[in-house]
$ cat entry-v1.cif   # mmCIF, C-alpha atoms
data_query
loop_
_atom_site.label_atom_id
_atom_site.label_comp_id
_atom_site.auth_asym_id
_atom_site.auth_seq_id
_atom_site.Cartn_x
_atom_site.Cartn_y
_atom_site.Cartn_z
CA SER A 1 -10.33 -7.22 -2.30
CA PRO A 2 -10.99 -8.03 -5.98
CA LEU A 3 -7.40 -6.98 -6.64
CA VAL A 4 -6.18 -9.98 -4.67
CA SER A 5 -8.85 -12.64 -5.11
CA ASP A 6 -12.62 -12.66 -4.72
CA LYS A 7 -12.36 -16.18 -3.32
CA LEU A 8 -9.65 -15.45 -0.77
CA LYS A 9 -11.20 -14.22 2.47
CA LEU A 10 -8.62 -13.83 5.24
CA THR A 11 -8.77 -12.11 8.60
CA ALA A 12 -5.86 -10.13 10.00
CA GLU A 13 -5.34 -12.92 12.53
CA GLU A 14 -5.12 -15.54 9.78
CA ILE A 15 -2.57 -13.47 7.87
CA GLU A 16 -0.52 -12.99 11.04
CA THR A 17 -0.61 -16.70 11.86
CA GLY A 18 0.32 -17.50 8.27
CA LEU A 19 3.40 -15.31 8.47
CA ILE A 20 4.44 -16.85 11.78
CA GLU A 21 3.90 -20.47 10.75
CA SER A 22 4.59 -20.12 7.01
CA ASN A 23 1.49 -22.23 6.38
CA SER A 24 -0.83 -22.85 3.43
CA THR A 25 -2.80 -19.66 4.14
CA ASN A 26 0.39 -17.65 3.75
CA ALA A 27 1.10 -19.45 0.48
CA GLN A 28 -2.41 -18.74 -0.86
CA LEU A 29 -2.08 -15.03 -0.08
CA HIS A 30 1.29 -14.71 -1.81
CA ILE A 31 0.14 -16.71 -4.83
CA ALA A 32 -2.94 -14.50 -5.21
CA LEU A 33 -0.78 -11.37 -5.13
CA LEU A 34 1.81 -12.80 -7.52
CA LYS A 35 -0.91 -13.64 -10.05
CA GLY A 36 -1.58 -9.91 -10.34
CA ILE A 37 2.00 -9.13 -11.39
CA PRO A 38 2.73 -10.15 -14.98
CA PRO A 39 4.22 -12.23 -16.40
CA VAL A 40 2.52 -14.95 -14.33
CA HIS A 41 4.53 -18.15 -13.84
CA LYS A 42 2.63 -21.11 -15.29
CA SER A 43 3.52 -23.35 -12.32
CA LEU A 44 2.77 -20.77 -9.62
CA ASP A 45 0.20 -23.04 -7.93
CA ASP A 46 2.60 -25.98 -7.72
CA GLY A 47 4.04 -26.63 -4.27
CA ASP A 48 6.53 -24.04 -3.10
CA ILE A 49 7.32 -22.63 -6.55
CA TRP A 50 5.74 -19.36 -5.39
CA ILE A 51 8.68 -18.72 -3.05
CA THR A 52 11.15 -18.81 -5.95
CA VAL A 53 8.84 -16.61 -8.04
CA LEU A 54 8.52 -14.20 -5.10
CA CYS A 55 12.30 -13.83 -4.85
CA LYS A 56 12.69 -13.25 -8.58
CA LYS A 57 9.85 -10.70 -8.67
CA LEU A 58 11.09 -8.64 -5.73
CA ALA A 59 14.85 -8.62 -6.31
CA PRO A 60 14.96 -6.11 -9.24
CA TYR A 61 12.74 -3.57 -7.44
CA TRP A 62 13.69 -4.07 -3.80
CA SER A 63 15.58 -0.79 -3.40
CA TRP A 64 12.51 1.13 -4.62
CA ILE A 65 9.80 -0.71 -2.70
CA ALA A 66 11.54 -1.57 0.58
CA LYS A 67 14.31 -0.54 2.95
CA GLY A 68 17.43 -2.46 3.91
CA ASP A 69 18.66 -5.68 2.34
CA ILE A 70 16.29 -8.21 0.83
CA PRO A 71 16.01 -11.15 3.30
CA ILE A 72 16.42 -13.88 0.65
CA THR A 73 17.08 -14.19 -3.06
CA ALA A 74 16.64 -17.02 -5.55
CA ASN A 75 19.42 -19.54 -4.98
CA LYS A 76 19.00 -22.77 -6.96
CA GLY A 77 16.03 -23.86 -4.86
CA GLU A 78 17.69 -23.16 -1.52
CA GLU A 79 15.42 -20.13 -1.11
CA VAL A 80 12.47 -22.41 -0.25
CA SER A 81 13.98 -23.74 2.97
CA GLU A 82 15.54 -20.35 3.66
CA TYR A 83 12.13 -18.67 3.46
CA LYS A 84 10.59 -21.17 5.86
CA GLY A 85 13.45 -20.57 8.28
CA LEU A 86 13.13 -16.79 8.21
CA ASN A 87 12.11 -14.71 11.18
CA PRO A 88 8.39 -13.84 10.77
CA VAL A 89 9.38 -10.16 10.70
CA ASP A 90 11.43 -10.79 7.56
CA ARG A 91 8.53 -12.70 6.00
CA LEU A 92 6.37 -9.66 6.76
CA LYS A 93 8.92 -7.41 5.00
CA LEU A 94 8.68 -9.60 1.91
CA LEU A 95 4.87 -9.54 1.98
CA LYS A 96 4.81 -5.76 2.39
CA ALA A 97 7.19 -5.35 -0.56
CA LEU A 98 5.03 -7.69 -2.63
CA CYS A 99 1.97 -5.57 -1.81
CA GLU A 100 3.87 -2.44 -2.86
CA LEU A 101 4.76 -4.07 -6.17
CA ARG A 102 1.19 -5.29 -6.68
CA VAL A 103 -0.30 -1.85 -6.06
CA ASP A 104 2.05 -0.43 -8.70
CA GLN A 105 0.34 -2.45 -11.42
CA GLY A 106 -1.99 -0.62 -13.79
CA ASP A 107 -5.21 -2.36 -12.72
CA ALA A 108 -4.51 -1.66 -9.04
CA ARG A 109 -3.77 2.01 -9.61
CA THR A 110 -6.93 2.43 -11.68
CA TYR A 111 -9.03 0.63 -9.06
CA ILE A 112 -7.70 2.80 -6.24
CA GLN A 113 -8.08 6.05 -8.17
CA GLU A 114 -11.64 5.24 -9.22
CA ASN A 115 -12.73 4.22 -5.74
CA ALA A 116 -10.98 7.11 -4.04
CA LYS A 117 -12.92 9.70 -6.04
CA GLU A 118 -15.16 11.84 -3.91
CA GLY A 119 -18.59 10.24 -3.73
CA ALA A 120 -17.43 6.80 -4.87
CA TRP A 121 -17.80 4.97 -1.58
CA ASP A 122 -16.42 1.48 -1.99
CA SER A 123 -16.31 -0.71 1.11
CA CYS A 124 -12.51 -0.68 0.90
CA PHE A 125 -12.20 3.11 0.78
CA ARG A 126 -13.95 5.27 3.36
CA LYS A 127 -11.84 8.39 3.19
CA ARG A 128 -13.44 11.78 2.60
CA LYS A 129 -11.48 14.18 0.45
CA LEU A 130 -11.23 17.62 2.04
CA GLY A 131 -9.46 19.26 -0.89
CA GLY A 132 -5.99 20.08 -2.12
CA ASP A 133 -3.73 22.55 -3.86
CA GLY A 134 -4.90 21.45 -7.30
CA LYS A 135 -1.41 20.25 -8.19
CA LYS A 136 0.06 17.37 -6.27
CA THR A 137 -1.23 17.53 -2.68
CA SER A 138 -4.63 16.51 -1.32
CA TYR A 139 -5.97 16.00 2.20
CA TRP A 140 -8.31 13.20 3.26
CA PHE A 141 -10.30 12.61 6.43
CA ASP A 142 -11.11 9.11 7.66
CA GLY A 143 -12.49 7.39 10.73
CA ASN A 144 -15.32 6.93 13.19
CA ASP A 145 -15.97 7.07 16.93
CA ILE A 146 -14.95 3.44 17.40
CA GLN A 147 -11.73 3.26 15.37
CA GLY A 148 -10.72 6.88 15.84
CA TYR A 149 -10.09 9.62 13.27
CA ARG A 150 -7.17 10.30 10.97
CA LEU A 151 -6.05 13.02 8.61
CA TYR A 152 -4.03 11.89 5.59
CA LYS A 153 -2.00 13.80 3.03
CA GLU A 154 -1.84 12.38 -0.49
CA VAL A 155 1.17 13.52 -2.50
CA THR A 156 1.54 12.72 -6.19
CA GLU A 157 5.11 12.98 -7.43
CA ILE A 158 7.04 12.19 -10.57
CA SER A 159 9.23 9.17 -9.97
CA LYS A 160 12.93 9.78 -10.66
CA ASN A 161 13.28 6.06 -11.28
CA ALA A 162 10.31 5.82 -13.64
CA LYS A 163 12.37 4.49 -16.53
CA ALA A 164 14.05 1.89 -14.37
CA ARG A 165 10.68 0.88 -12.93
CA LYS A 166 8.84 0.70 -16.24
CA ASN A 167 8.03 -2.96 -15.71
CA ALA A 168 6.55 -2.33 -12.27
CA CYS A 169 4.92 1.07 -12.63
CA SER A 170 2.17 1.87 -15.12
CA ASP A 171 3.20 5.51 -15.49
CA VAL A 172 5.68 8.03 -14.14
CA SER A 173 3.54 9.34 -11.29
CA CYS A 174 3.78 7.82 -7.83
CA VAL A 175 1.27 8.42 -5.05
CA CYS A 176 2.46 8.61 -1.44
CA TRP A 177 0.21 8.71 1.63
CA GLU A 178 1.30 10.40 4.85
CA THR A 179 -0.57 10.35 8.16
CA GLU A 180 -0.90 13.94 9.34
CA ALA A 181 -3.05 13.57 12.46
CA THR A 182 -4.44 10.83 14.70
CA ASN A 183 -5.39 12.74 17.86
CA LEU A 184 -6.84 16.10 18.93
CA ASP A 185 -3.48 17.87 19.34
CA GLU A 186 -2.29 16.77 15.90
CA PHE A 187 -5.59 17.76 14.27
CA GLN A 188 -5.40 21.21 15.87
CA ARG A 189 -1.77 21.63 14.78
CA ALA A 190 -2.62 20.63 11.19
CA ALA A 191 -5.58 23.02 11.18
CA ARG A 192 -3.41 25.92 12.39
CA GLU A 193 -0.63 25.27 9.90
CA LEU A 194 -2.98 24.93 6.94
CA SER A 195 -5.12 27.91 7.95
CA SER A 196 -2.04 30.14 7.91
CA ASN A 197 -0.91 28.88 4.49
CA LYS A 198 -0.64 31.56 1.79
CA ALA A 199 -2.39 29.28 -0.68
CA SER A 200 -6.11 29.96 -0.30
CA ALA A 201 -7.10 26.39 -1.17
CA LEU A 202 -4.93 24.96 1.62
CA ALA A 203 -6.06 27.65 4.06
CA ALA A 204 -9.65 26.65 3.31
CA ILE A 205 -8.81 23.04 4.18
CA GLY A 206 -7.43 24.24 7.51
CA GLN A 207 -10.73 25.99 8.24
CA MET A 208 -12.64 22.87 7.20
CA ILE A 209 -10.59 20.72 9.57
CA GLU A 210 -11.25 23.21 12.36
CA THR A 211 -15.01 23.24 11.87
CA ASP A 212 -15.85 19.79 10.48
CA ALA A 213 -13.06 17.30 11.07
CA ILE A 214 -11.54 17.84 14.51
CA PRO A 215 -12.79 14.92 16.65
#

$ encode --input "entry-v1.cif" --output "structure tokens"
Amino acid sequence: SPLVSDKLKLTAEEIETGLIESNSTNAQLHIALLKGIPPVHKSLDDGDIWITVLCKKLAPYWSWIAKGDIPITANKGEEVSEYKGLNPVDRLKLLKALCELRVDQGDARTYIQENAKEGAWDSCFRKRKLGGDGKKTSYWFDGNDIQGYRLYKEVTEISKNAKARKNACSDVSCVCWETEATNLDEFQRAARELSSNKASALAAIGQMIETDAIP
């Protein structure tokens, strides 16, 4: 993705191996993500500095972007060896939190919103918008015969912690995605519930799912 690095091309397997082995591929991925979160440390490319920067970036926002306790924090350089000794699951938690923080940046939010518009089919975004209530909820359909089909609900809410997150969030709105259906039974349930909704726009989406989206 251009939001990470045009030059960085990694497969899911390479990312997984990187997290397990804490290798140079893992470092490159984290550095690319950290460069998208200002202010950018001038020595980010030097050795294992990125691990210290990672800890300092995540610590202030951890409670908003992740669950549980943060696996490591900056500790006079000790965090470098501590990171390399972490369970891969904890390294994954840190990477996921870093992605959450990266996607909160203004350029990322603009990129996603522009590419998610109906008719703007970027290779990264293949969802089809079915509609919404015109306020804060929208429904999206995604998938194919090989990968399967999914129904998503997009909910835009006002963040209660917007002021506290002003350095991480470009505005006060936060977008959450929820998976509503992944199989026939769940699609049928979603269609029934929406079709019986008193809001005509949502009821129309239920009918659309019934006729066009149920796999």

$ atom_distance --input "entry-v1.cif" --atom1 "CA of Ile15 in chain A" --atom2 "CA of Pro60 in chain A"
25.6 Å

$ atom_distance --input "entry-v1.cif" --atom1 "CA of Pro39 in chain A" --atom2 "CA of Thr156 in chain A"
27.1 Å

$ atom_distance --input "entry-v1.cif" --atom1 "CA of Asp90 in chain A" --atom2 "CA of Thr179 in chain A"
24.3 Å

$ closest_residue --input "entry-v1.cif" --among "A:Leu44, A:Ile31, A:Leu194, A:Ile65" --to "Asp104 in chain A" --atoms "all atoms listed in the file"
A:Ile65

$ residues_around --input "entry-v1.cif" --residues "range 51-59 of chain A" --least-positions-apart "2" --cutoff "7 Å" --atoms "all atoms listed in the file" --output "ChimeraX atom specification"
/A:48-49,61-62,72-74,79-80,98

$ resolve_selection --input "entry-v1.cif" --expression "the PyMOL selection byres ((chain A and resi 140) around 9)" --output "JSON, numbers by chain"
{"A": [127, 128, 129, 130, 131, 138, 139, 141, 142, 150, 151, 152, 153, 154]}

$ closest_atom_pairs --input "entry-v1.cif" --of "range 23-108 of chain A" --to "range 7-14 of chain A" --cutoff "8 Å" --atoms "only C-alpha atoms" --output "Markdown table"
| residue | atom | partner | partner_atom | distance |
| --- | --- | --- | --- | --- |
| A:Thr25 | CA | A:Glu14 | CA | 7.4 |
| A:Gln28 | CA | A:Leu8 | CA | 8.0 |
| A:Leu29 | CA | A:Leu8 | CA | 7.6 |

$ closest_residue --input "entry-v1.cif" --among "A:Gln188, A:Ser22, A:Ile209, A:Ala97" --to "Glu82 in chain A" --atoms "all atoms listed in the file"
A:Ser22

$ residues_around --input "entry-v1.cif" --residues "Asn183 in chain A" --least-positions-apart "6" --cutoff "12 Å" --atoms "only C-alpha atoms" --output "PyMOL selection string"
chain A and resi 143+147-151+189-190+213-215

$ residues_around --input "entry-v1.cif" --residues "Ile37 in chain A" --least-positions-apart "4" --cutoff "10 Å" --atoms "only C-alpha atoms" --output "list in words"
Ala32, Leu33, His41, Lys57, Leu98, Leu101, Arg102, Val103, Asp104, Gln105, Gly106, Asp107, Asn167 and Ala168 of chain A

$ residues_near_point --input "entry-v1.cif" --point "(12.4, -15.3, 8.3)" --cutoff "8 Å" --atoms "all atoms listed in the file" --output "list of chain:residue names"
A:Pro71, A:Glu82, A:Tyr83, A:Lys84, A:Gly85, A:Leu86, A:Asn87, A:Pro88, A:Val89, A:Asp90, A:Arg91

$ axis_aligned_box --input "entry-v1.cif" --around "range 64-76 of chain A" --padding-each-side "8 Å" --output "AutoDock Vina command-line options"
--center_x 14.6 --center_y -10.8 --center_z -1.5 --size_x 25.6 --size_y 39.9 --size_z 26.9
